[in-house]
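See below for input_19.tsv, which holds TSV, C-alpha atoms.
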chain	number	residue	atom	x	y	z
A	17	MET	CA	-19.01	13.44	-23.68
A	18	ASP	CA	-20.58	13.79	-27.16
A	19	GLY	CA	-18.80	13.28	-30.47
A	20	ALA	CA	-18.02	16.97	-31.03
A	21	GLN	CA	-16.47	17.36	-27.59
A	22	GLN	CA	-14.39	14.24	-28.08
A	23	GLY	CA	-13.24	15.56	-31.45
A	24	TRP	CA	-12.16	18.89	-30.02
A	25	ARG	CA	-10.44	17.18	-27.10
A	26	ALA	CA	-8.45	15.03	-29.54
A	27	CYS	CA	-7.70	18.08	-31.71
A	28	VAL	CA	-6.31	20.06	-28.75
A	29	LEU	CA	-4.27	17.07	-27.55
A	30	GLY	CA	-2.82	16.73	-31.05
A	31	GLY	CA	-1.95	20.43	-30.97
A	32	ALA	CA	-0.21	19.97	-27.60
A	33	VAL	CA	1.92	17.18	-29.08
A	34	PHE	CA	2.76	19.46	-32.02
A	35	ALA	CA	3.81	22.25	-29.62
A	36	VAL	CA	6.03	19.93	-27.57
A	37	CYS	CA	7.95	18.85	-30.67
A	38	MET	CA	8.40	22.37	-32.03
A	39	ALA	CA	9.51	23.69	-28.63
A	40	GLY	CA	12.47	21.32	-28.77
A	41	THR	CA	13.73	22.91	-31.98
A	42	THR	CA	14.24	26.33	-30.33
A	43	LEU	CA	15.14	25.07	-26.84
A	44	PRO	CA	18.93	25.69	-27.23
A	45	THR	CA	18.55	29.33	-28.32
A	46	PRO	CA	19.24	31.15	-25.00
A	47	LEU	CA	21.95	28.59	-24.20
A	48	TYR	CA	24.27	29.33	-27.14
A	49	PRO	CA	26.34	31.91	-25.18
A	50	LEU	CA	26.86	29.27	-22.48
A	51	TYR	CA	28.00	26.74	-25.07
A	52	GLN	CA	30.33	29.35	-26.57
A	53	ALA	CA	31.89	29.95	-23.17
A	54	LYS	CA	32.17	26.20	-22.51
A	55	PHE	CA	33.54	25.06	-25.88
A	56	GLY	CA	35.14	28.29	-27.11
A	57	PHE	CA	33.66	28.56	-30.60
A	58	SER	CA	32.93	31.65	-32.72
A	59	ASP	CA	29.74	33.47	-33.73
A	60	LEU	CA	30.06	31.88	-37.17
A	61	THR	CA	29.95	28.44	-35.58
A	62	VAL	CA	26.79	29.40	-33.69
A	63	THR	CA	25.05	30.29	-36.95
A	64	VAL	CA	26.21	27.08	-38.67
A	65	VAL	CA	25.05	24.95	-35.73
A	66	TYR	CA	21.69	26.69	-35.94
A	67	ALA	CA	21.42	26.36	-39.74
A	68	VAL	CA	22.03	22.58	-39.72
A	69	TYR	CA	18.47	22.33	-38.42
A	70	ALA	CA	17.03	24.08	-41.49
A	71	PHE	CA	18.97	21.89	-43.92
A	72	ALA	CA	17.58	18.79	-42.20
A	73	VAL	CA	14.02	20.15	-42.39
A	74	ILE	CA	14.40	20.84	-46.13
A	75	ALA	CA	15.76	17.34	-46.77
A	76	VAL	CA	12.86	15.67	-44.93
A	77	LEU	CA	10.23	17.85	-46.64
A	78	LEU	CA	11.58	16.93	-50.07
A	79	LEU	CA	12.33	13.26	-49.47
A	80	VAL	CA	9.54	12.01	-47.17
A	81	GLY	CA	7.34	15.04	-46.56
A	82	ASN	CA	4.25	13.09	-47.68
A	83	ALA	CA	5.06	9.89	-45.75
A	84	SER	CA	2.17	10.29	-43.31
A	85	ASP	CA	-0.31	10.20	-46.22
A	86	ALA	CA	0.85	6.64	-46.90
A	87	VAL	CA	1.86	5.03	-43.61
A	88	GLY	CA	-0.43	7.03	-41.31
A	89	ARG	CA	-0.10	10.08	-39.07
A	90	ARG	CA	0.69	8.31	-35.81
A	91	PRO	CA	3.76	6.33	-36.98
A	92	VAL	CA	5.31	9.47	-38.49
A	93	LEU	CA	4.62	11.54	-35.36
A	94	LEU	CA	6.08	8.84	-33.11
A	95	CYS	CA	9.16	8.74	-35.33
A	96	GLY	CA	9.42	12.55	-35.08
A	97	LEU	CA	9.16	12.37	-31.28
A	98	ALA	CA	11.92	9.72	-31.26
A	99	PHE	CA	14.17	12.13	-33.18
A	100	ALA	CA	13.26	14.90	-30.73
A	101	ALA	CA	14.22	12.69	-27.79
A	102	ALA	CA	17.50	11.72	-29.48
A	103	SER	CA	18.23	15.42	-30.05
A	104	ALA	CA	17.73	16.16	-26.34
A	105	VAL	CA	20.05	13.27	-25.43
A	106	CYS	CA	22.75	14.70	-27.73
A	107	PHE	CA	22.59	18.05	-25.93
A	108	LEU	CA	22.66	16.31	-22.55
A	109	CYS	CA	25.79	14.36	-23.56
A	110	ALA	CA	27.46	17.33	-25.30
A	111	THR	CA	31.22	17.40	-24.71
A	112	GLY	CA	32.03	19.29	-27.91
A	113	LEU	CA	30.71	20.71	-31.16
A	114	ASP	CA	30.01	17.30	-32.72
A	115	TRP	CA	27.25	16.67	-30.19
A	116	LEU	CA	25.65	20.08	-30.90
A	117	PHE	CA	25.66	19.46	-34.66
A	118	ALA	CA	24.12	16.02	-34.14
A	119	GLY	CA	21.48	17.45	-31.81
A	120	ARG	CA	20.48	20.14	-34.29
A	121	LEU	CA	20.41	17.66	-37.18
A	122	LEU	CA	18.09	15.33	-35.26
A	123	SER	CA	15.93	18.29	-34.24
A	124	GLY	CA	15.56	19.25	-37.90
A	125	LEU	CA	14.56	15.72	-38.84
A	126	SER	CA	11.93	15.82	-36.08
A	127	ALA	CA	10.51	19.16	-37.24
A	128	GLY	CA	10.53	18.10	-40.88
A	129	LEU	CA	8.41	15.05	-40.07
A	130	PHE	CA	6.03	17.05	-37.87
A	131	THR	CA	5.48	20.12	-40.08
A	132	GLY	CA	3.07	18.52	-42.53
A	133	ALA	CA	1.92	15.43	-40.64
A	134	ALA	CA	0.97	17.20	-37.40
A	135	THR	CA	-0.83	20.02	-39.20
A	136	ALA	CA	-2.92	17.51	-41.16
A	137	TYR	CA	-3.49	15.38	-38.05
A	138	VAL	CA	-4.76	18.27	-35.92
A	139	MET	CA	-7.22	19.29	-38.65
A	140	GLU	CA	-8.42	15.73	-39.22
A	141	LEU	CA	-9.02	15.10	-35.52
A	142	ALA	CA	-11.40	18.09	-35.29
A	143	PRO	CA	-15.13	17.41	-35.66
A	144	GLN	CA	-16.81	18.04	-39.00
A	145	GLY	CA	-17.29	21.74	-39.75
A	146	GLY	CA	-14.47	22.84	-37.46
A	147	ALA	CA	-11.80	23.47	-40.10
A	148	SER	CA	-11.31	27.14	-39.19
A	149	ARG	CA	-10.87	26.48	-35.47
A	150	ALA	CA	-8.63	23.50	-36.21
A	151	THR	CA	-6.42	25.71	-38.37
A	152	PHE	CA	-6.14	28.08	-35.40
A	153	VAL	CA	-5.09	25.16	-33.15
A	154	ALA	CA	-2.45	23.99	-35.64
A	155	THR	CA	-1.08	27.51	-36.17
A	156	ALA	CA	-0.95	28.29	-32.46
A	157	ALA	CA	0.68	24.93	-31.71
A	158	ASN	CA	3.35	25.38	-34.38
A	159	MET	CA	4.46	28.96	-33.74
A	160	GLY	CA	3.48	28.93	-30.08
A	161	GLY	CA	5.61	25.84	-29.53
A	162	LEU	CA	8.55	27.52	-31.25
A	163	GLY	CA	8.09	30.47	-28.89
A	164	CYS	CA	7.78	28.34	-25.75
A	165	GLY	CA	11.12	26.60	-26.39
A	166	PRO	CA	13.46	29.55	-25.70
A	167	LEU	CA	11.17	30.86	-22.97
A	168	LEU	CA	11.29	27.53	-21.11
A	169	SER	CA	15.04	27.01	-21.44
A	170	GLY	CA	15.79	30.66	-20.62
A	171	VAL	CA	13.80	30.58	-17.39
A	172	LEU	CA	15.30	27.23	-16.31
A	173	ALA	CA	18.84	28.31	-17.21
A	174	GLN	CA	18.48	31.57	-15.28
A	175	TYR	CA	16.63	30.47	-12.16
A	176	ALA	CA	17.37	26.75	-11.71
A	177	GLU	CA	20.43	24.54	-11.38
A	178	TRP	CA	22.25	22.82	-14.27
A	179	PRO	CA	21.39	25.33	-17.05
A	180	LEU	CA	22.78	23.12	-19.84
A	181	TYR	CA	20.99	20.00	-18.65
A	182	LEU	CA	17.67	20.73	-16.93
A	183	PRO	CA	15.96	22.21	-20.07
A	184	PHE	CA	16.64	19.02	-22.04
A	185	VAL	CA	15.64	16.71	-19.18
A	186	THR	CA	12.38	18.66	-18.98
A	187	HIS	CA	11.86	18.31	-22.71
A	188	LEU	CA	12.52	14.56	-22.58
A	189	ILE	CA	9.75	14.24	-19.99
A	190	LEU	CA	7.39	16.27	-22.20
A	191	VAL	CA	8.29	14.17	-25.25
A	192	ALA	CA	7.55	10.96	-23.33
A	193	GLY	CA	4.15	12.36	-22.34
A	194	ALA	CA	3.49	13.42	-25.94
A	195	ALA	CA	4.29	9.91	-27.18
A	196	LEU	CA	1.76	8.44	-24.74
A	197	VAL	CA	-0.86	10.90	-26.01
A	198	VAL	CA	-0.19	9.97	-29.67
A	199	MET	CA	-0.56	6.27	-28.88
A	200	ARG	CA	-3.99	6.94	-27.36
A	201	LEU	CA	-5.28	9.09	-30.23
A	202	ALA	CA	-7.05	7.59	-33.22
A	203	GLU	CA	-5.38	7.13	-36.61
A	204	THR	CA	-7.01	9.33	-39.26
A	205	VAL	CA	-5.51	7.75	-42.41
A	206	ARG	CA	-7.93	4.96	-43.35
A	207	GLU	CA	-6.13	3.34	-46.27
A	208	ARG	CA	-2.49	2.96	-45.31
A	209	GLN	CA	0.24	1.83	-47.66
A	210	PRO	CA	3.77	0.43	-47.20
A	211	LEU	CA	6.63	2.87	-46.65
A	212	ARG	CA	8.17	1.84	-49.98
A	213	THR	CA	5.34	3.63	-51.77
A	214	VAL	CA	6.56	7.02	-50.49
A	215	ARG	CA	8.32	9.01	-53.19
A	216	PRO	CA	10.38	12.21	-52.93
A	217	GLN	CA	8.38	15.38	-53.57
A	218	ARG	CA	9.71	17.26	-56.56
A	219	PRO	CA	9.59	21.07	-56.27
A	220	ALA	CA	7.21	22.41	-58.91
A	221	LEU	CA	6.23	25.82	-60.24
A	222	PRO	CA	3.43	25.70	-62.85
A	223	PRO	CA	3.17	28.74	-65.15
A	224	GLN	CA	-0.06	30.06	-63.57
A	225	VAL	CA	1.61	30.21	-60.13
A	226	ARG	CA	4.77	32.09	-61.08
A	227	ALA	CA	3.36	35.62	-60.92
A	228	VAL	CA	2.15	35.27	-57.33
A	229	PHE	CA	4.96	32.93	-56.28
A	230	ALA	CA	7.74	35.50	-56.76
A	231	PRO	CA	6.56	38.06	-54.14
A	232	ALA	CA	5.24	35.28	-51.89
A	233	ALA	CA	8.58	33.48	-51.92
A	234	ILE	CA	10.57	36.68	-51.30
A	235	ALA	CA	8.37	37.68	-48.36
A	236	SER	CA	8.59	34.15	-46.91
A	237	PHE	CA	12.37	34.13	-47.32
A	238	VAL	CA	12.79	37.48	-45.55
A	239	GLY	CA	10.32	36.62	-42.77
A	240	PHE	CA	12.01	33.33	-41.95
A	241	ALA	CA	15.44	34.96	-42.18
A	242	LEU	CA	14.35	37.53	-39.60
A	243	LEU	CA	13.12	34.79	-37.25
A	244	GLY	CA	16.35	32.91	-37.87
A	245	LEU	CA	18.43	35.93	-36.89
A	246	PHE	CA	16.50	36.35	-33.64
A	247	THR	CA	16.81	32.65	-32.87
A	248	SER	CA	20.51	32.28	-33.62
A	249	VAL	CA	22.41	35.43	-32.61
A	250	SER	CA	20.09	37.70	-30.62
A	251	PRO	CA	21.15	36.24	-27.22
A	252	GLU	CA	24.79	36.96	-28.07
A	253	PHE	CA	23.93	40.52	-29.17
A	254	LEU	CA	22.00	41.15	-25.96
A	255	ALA	CA	24.92	39.88	-23.89
A	256	ARG	CA	27.70	41.62	-25.82
A	257	SER	CA	26.16	44.94	-26.82
A	258	LEU	CA	23.57	45.52	-24.10
A	259	ASN	CA	25.42	43.72	-21.29
A	260	LEU	CA	22.26	41.69	-20.68
A	261	HIS	CA	23.17	38.24	-19.39
A	262	ASN	CA	19.73	37.20	-18.13
A	263	HIS	CA	18.87	34.03	-20.06
A	264	ALA	CA	15.19	34.34	-19.23
A	265	VAL	CA	15.02	37.78	-20.85
A	266	SER	CA	16.92	36.52	-23.92
A	267	GLY	CA	14.47	33.65	-24.25
A	268	LEU	CA	11.52	36.01	-23.84
A	269	VAL	CA	12.73	38.28	-26.65
A	270	VAL	CA	12.97	35.32	-29.04
A	271	ALA	CA	9.62	33.99	-27.83
A	272	LEU	CA	7.99	37.36	-28.55
A	273	ALA	CA	8.93	37.07	-32.23
A	274	PHE	CA	7.22	33.68	-32.53
A	275	PHE	CA	4.17	34.63	-30.46
A	276	SER	CA	3.79	37.76	-32.59
A	277	SER	CA	4.03	35.62	-35.72
A	278	THR	CA	1.15	33.55	-34.36
A	279	ALA	CA	-0.87	36.74	-33.85
A	280	GLY	CA	-0.04	37.85	-37.40
A	281	GLN	CA	-1.18	34.55	-38.86
A	282	LEU	CA	-4.43	34.70	-36.91
A	283	ALA	CA	-5.00	38.26	-38.18
A	284	VAL	CA	-5.17	36.97	-41.75
A	285	GLY	CA	-8.79	35.96	-41.13
A	286	PRO	CA	-10.19	39.45	-40.49
A	287	VAL	CA	-7.64	41.18	-42.76
A	288	GLY	CA	-8.13	38.82	-45.70
A	289	ALA	CA	-5.51	36.73	-47.47
A	290	ARG	CA	-5.32	39.13	-50.41
A	291	ARG	CA	-4.31	42.12	-48.23
A	292	SER	CA	-2.19	40.19	-45.72
A	293	LEU	CA	0.76	39.67	-48.07
A	294	PRO	CA	1.43	43.38	-48.82
A	295	LEU	CA	0.65	44.31	-45.19
A	296	GLY	CA	3.07	41.62	-44.05
A	297	CYS	CA	5.78	43.07	-46.29
A	298	ALA	CA	5.19	46.46	-44.66
A	299	GLY	CA	5.43	44.87	-41.21
A	300	LEU	CA	8.68	43.15	-42.15
A	301	LEU	CA	10.15	46.45	-43.37
A	302	ALA	CA	9.15	48.15	-40.12
A	303	GLY	CA	10.60	45.29	-38.07
A	304	LEU	CA	13.88	45.45	-40.00
A	305	ALA	CA	14.05	49.23	-39.50
A	306	LEU	CA	13.50	48.85	-35.75
A	307	LEU	CA	16.17	46.15	-35.57
A	308	ALA	CA	18.60	48.44	-37.42
A	309	GLY	CA	17.94	51.14	-34.83
A	310	ALA	CA	18.48	48.62	-32.02
A	311	LEU	CA	21.84	47.59	-33.49
A	312	ARG	CA	22.91	51.18	-34.18
A	313	TRP	CA	22.01	52.67	-30.79
A	314	ASP	CA	22.05	49.56	-28.56
A	315	LEU	CA	18.49	50.05	-27.32
A	316	MET	CA	16.66	47.16	-25.68
A	317	ALA	CA	13.25	48.74	-26.32
A	318	LEU	CA	13.88	48.69	-30.08
A	319	VAL	CA	14.94	45.03	-29.93
A	320	VAL	CA	11.62	44.16	-28.29
A	321	LEU	CA	9.63	46.29	-30.74
A	322	SER	CA	11.42	44.77	-33.72
A	323	ALA	CA	10.60	41.26	-32.44
A	324	ILE	CA	6.91	42.15	-32.08
A	325	VAL	CA	6.45	44.17	-35.28
A	326	GLY	CA	8.66	41.90	-37.40
A	327	GLY	CA	6.95	38.81	-35.99
A	328	VAL	CA	3.48	40.11	-36.85
A	329	GLY	CA	4.71	41.02	-40.34
A	330	GLN	CA	6.21	37.55	-40.80
A	331	GLY	CA	2.96	35.88	-39.72
A	332	LEU	CA	0.82	38.01	-42.01
A	333	ALA	CA	3.16	37.63	-44.97
A	334	PHE	CA	3.72	33.89	-44.65
A	335	ARG	CA	0.13	32.81	-44.14
A	336	GLY	CA	-0.96	35.20	-46.89
A	337	ALA	CA	1.76	33.81	-49.16
A	338	LEU	CA	0.71	30.24	-48.40
A	339	ALA	CA	-2.96	31.01	-49.10
A	340	GLU	CA	-2.27	32.80	-52.38
A	341	VAL	CA	0.19	30.22	-53.68
A	342	ALA	CA	-2.14	27.35	-52.76
A	343	GLY	CA	-5.09	29.15	-54.36
A	344	ALA	CA	-3.22	29.71	-57.62
A	345	SER	CA	-1.92	26.12	-57.84
A	346	PRO	CA	-3.62	23.34	-59.80
A	347	ARG	CA	-5.07	20.81	-57.37
A	348	SER	CA	-2.89	18.02	-58.79
A	349	GLN	CA	0.32	20.00	-58.08
A	350	ARG	CA	-0.67	21.90	-54.95
A	351	ALA	CA	1.44	19.84	-52.54
A	352	GLU	CA	4.51	20.16	-54.75
A	353	VAL	CA	4.10	23.95	-55.04
A	354	ILE	CA	3.63	24.36	-51.27
A	355	SER	CA	6.72	22.22	-50.68
A	356	THR	CA	8.65	24.56	-52.97
A	357	LEU	CA	7.50	27.55	-50.90
A	358	PHE	CA	8.60	25.83	-47.68
A	359	VAL	CA	12.00	25.06	-49.20
A	360	VAL	CA	12.46	28.75	-50.00
A	361	ALA	CA	11.31	29.73	-46.51
A	362	TYR	CA	13.67	27.34	-44.71
A	363	THR	CA	16.51	28.43	-46.98
A	364	GLY	CA	15.84	31.88	-45.54
A	365	ILE	CA	16.41	30.50	-42.03
A	366	SER	CA	19.82	29.11	-42.96
A	367	LEU	CA	21.83	30.93	-45.62
A	368	PRO	CA	21.39	34.59	-44.49
A	369	VAL	CA	22.12	33.61	-40.88
A	370	ILE	CA	25.36	31.89	-41.95
A	371	GLY	CA	26.19	35.06	-43.90
A	372	VAL	CA	25.84	37.08	-40.69
A	373	GLY	CA	28.24	34.66	-38.99
A	374	LEU	CA	30.79	35.04	-41.80
A	375	LEU	CA	30.70	38.83	-41.57
A	376	THR	CA	30.91	38.98	-37.78
A	377	ARG	CA	34.69	38.55	-37.59
A	378	PRO	CA	35.68	41.28	-40.10
A	379	ILE	CA	33.03	43.91	-39.24
A	380	GLY	CA	31.57	42.82	-35.90
A	381	LEU	CA	28.16	41.51	-34.92
A	382	GLU	CA	26.43	44.90	-35.21
A	383	GLY	CA	27.93	45.58	-38.64
A	384	ALA	CA	27.01	42.11	-39.88
A	385	GLY	CA	23.47	42.61	-38.61
A	386	LEU	CA	23.16	45.93	-40.44
A	387	VAL	CA	24.36	44.34	-43.70
A	388	PHE	CA	21.80	41.57	-43.23
A	389	ILE	CA	19.04	44.13	-42.60
A	390	ALA	CA	19.98	46.14	-45.69
A	391	CYS	CA	19.88	43.05	-47.92
A	392	MET	CA	16.58	41.82	-46.50
A	393	ALA	CA	15.06	45.32	-46.76
A	394	VAL	CA	15.95	45.46	-50.46
A	395	LEU	CA	14.36	42.05	-51.06
A	396	VAL	CA	11.12	42.79	-49.23
A	397	SER	CA	10.91	46.23	-50.89
A	398	VAL	CA	11.12	44.53	-54.29
A	399	ALA	CA	8.28	42.20	-53.28
A	400	ALA	CA	6.17	45.12	-51.98
A	401	ALA	CA	6.78	47.17	-55.15
A	402	TYR	CA	5.79	44.18	-57.27
A	403	LEU	CA	2.56	43.75	-55.30
A	404	LEU	CA	1.74	47.45	-55.64
A	405	ARG	CA	2.17	47.32	-59.42
A	406	ARG	CA	0.51	43.93	-59.87
A	407	PRO	CA	-1.86	43.20	-56.96
A	408	VAL	CA	-2.83	39.62	-56.27
A	409	PRO	CA	-6.15	39.05	-58.06
A	410	ALA	CA	-9.22	38.38	-55.94
A	411	ARG	CA	-10.42	34.79	-55.91
A	412	THR	CA	-13.79	33.34	-55.11

In structure tokens, write the structure found in this file.
Amino acid sequence: MDGAQQGWRACVLGGAVFAVCMAGTTLPTPLYPLYQAKFGFSDLTVTVVYAVYAFAVIAVLLLVGNASDAVGRRPVLLCGLAFAAASAVCFLCATGLDWLFAGRLLSGLSAGLFTGAATAYVMELAPQGGASRATFVATAANMGGLGCGPLLSGVLAQYAEWPLYLPFVTHLILVAGAALVVMRLAETVRERQPLRTVRPQRPALPPQVRAVFAPAAIASFVGFALLGLFTSVSPEFLARSLNLHNHAVSGLVVALAFFSSTAGQLAVGPVGARRSLPLGCAGLLAGLALLAGALRWDLMALVVLSAIVGGVGQGLAFRGALAEVAGASPRSQRAEVISTLFVVAYTGISLPVIGVGLLTRPIGLEGAGLVFIACMAVLVSVAAAYLLRRPVPART
């Protein structure tokens, strides 16, 4: 096997490890109705349990998001896999809400460590000149892993025994295999430093970035909020409003949103980063409109279409936003600016979803969903109008 083949083999193995970790973060999604029935908690509690994950990711990104640059990729990834395993153990031992909160917190810590370190690791493992293909591997591993989580747990919960246990046992086995892979892969950080040298990353917004950051941040916020809604409450909506209690189908609907996001991110190449942001905003608006129709008329076909169209829009908008914000940032502050964008995006996963949970009791799940859609539609329309009036300038 020549050097290039070895490089691509290592790159793909690194992507597989990335996918295993991210799958664990969405693994509980189709199981929330079962936990509700077992522990007797409300829709608001479901959204708070889900959002704890996002708060943990934000904390890790800000406090130690650049740790792998200092101590190396492999130690950080092994630490992230340890958190993923601990999260699975919490769900296996769950006898009440405290265990679910702990499991989601640990899952967020795992994802926060992996988000930057695994992306960099996958790209560094690729042979020289393979940056574009390595980016594809990292993107597919990230969003594809998020999509595989609910699909795996939904199928196991529907067609196998022990629905609240077997998915997490399966994930523990996958995490153990991923840890063995990481220990066999080469370290790519040549000059490592002690952990004490790691400093919190301060969110930054230089003046030259602000014009493009506003629409990019709004589109990222709305896109992640839409994915958060699908991941947190869509199984309950399918069960309550459409009388669909098949966990495999619930997991597939959520998976479609993430797989479509992957397709949208990959489409940025042929579409171009400059056009992908406004096109992504249009896709998000269409996805929100389809979801509103699904809530209003209780149509499964519109739920599926909204997952696909909204997912593609989210992928286009977010990768376009990331490219434009990174391109406008000074090299010395690029990491800080990108961290700021990720903080906004993960805030979108948490706060709007909790808002839906708060509104569910007074106006019902469908009403809360429609309020959410209206608010998100206004935000993304503002971003689209801004981009129409002041297009992102072309860059060489």

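Take the candidates A:Leu260, A:Ala400, A:Leu167, A:Val138 and check each one against A:Gly30 using only C-alpha atoms; the shortest distance goes to A:Val138.
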
Point-to-point distance from atom CA of A:Gly119 to atom CA of A:Ala195, Å rounded to tenths: 19.3 Å

For A:Ser355: contacts at 10 Å, all atoms listed in the file, fewer than 6 positions along chain excluded, given as a PyMOL selection string: chain A and resi 74+77-78+81-82+132+217-220+361

A:Thr278, A:Gln349, A:Thr247, A:Ser257 ranked by distance to A:Asp314, top pick (using all atoms listed in the file): A:Ser257

Near-A:Thr111 list (10 Å; only C-alpha atoms; drop same-chain fewer than 5 positions) as a VMD selection string: chain A and resid 51 54 to 55 106 116

A:Glu382, A:Glu352, A:Glu340, A:Glu203 ranked by distance to A:Leu93, top pick (using only C-alpha atoms): A:Glu203

Find the residues around A:Pro44 up to 9 Å (all atoms listed in the file counted), leave out those fewer than 6 positions away in its own chain, and share them as a compact mmCIF listing (two decimals) with C-alpha atoms, in the coordinates of the input.
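Output below, filename result20.txt:
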# COMPACT_ATOMS: atom_id res chain seq x y z
CA PHE A 107 22.59 18.05 -25.93
CA GLY A 165 11.12 26.60 -26.39
CA PRO A 166 13.46 29.55 -25.70
CA SER A 169 15.04 27.01 -21.44
CA GLY A 170 15.79 30.66 -20.62
CA LEU A 180 22.78 23.12 -19.84
CA PRO A 183 15.96 22.21 -20.07
CA PHE A 184 16.64 19.02 -22.04
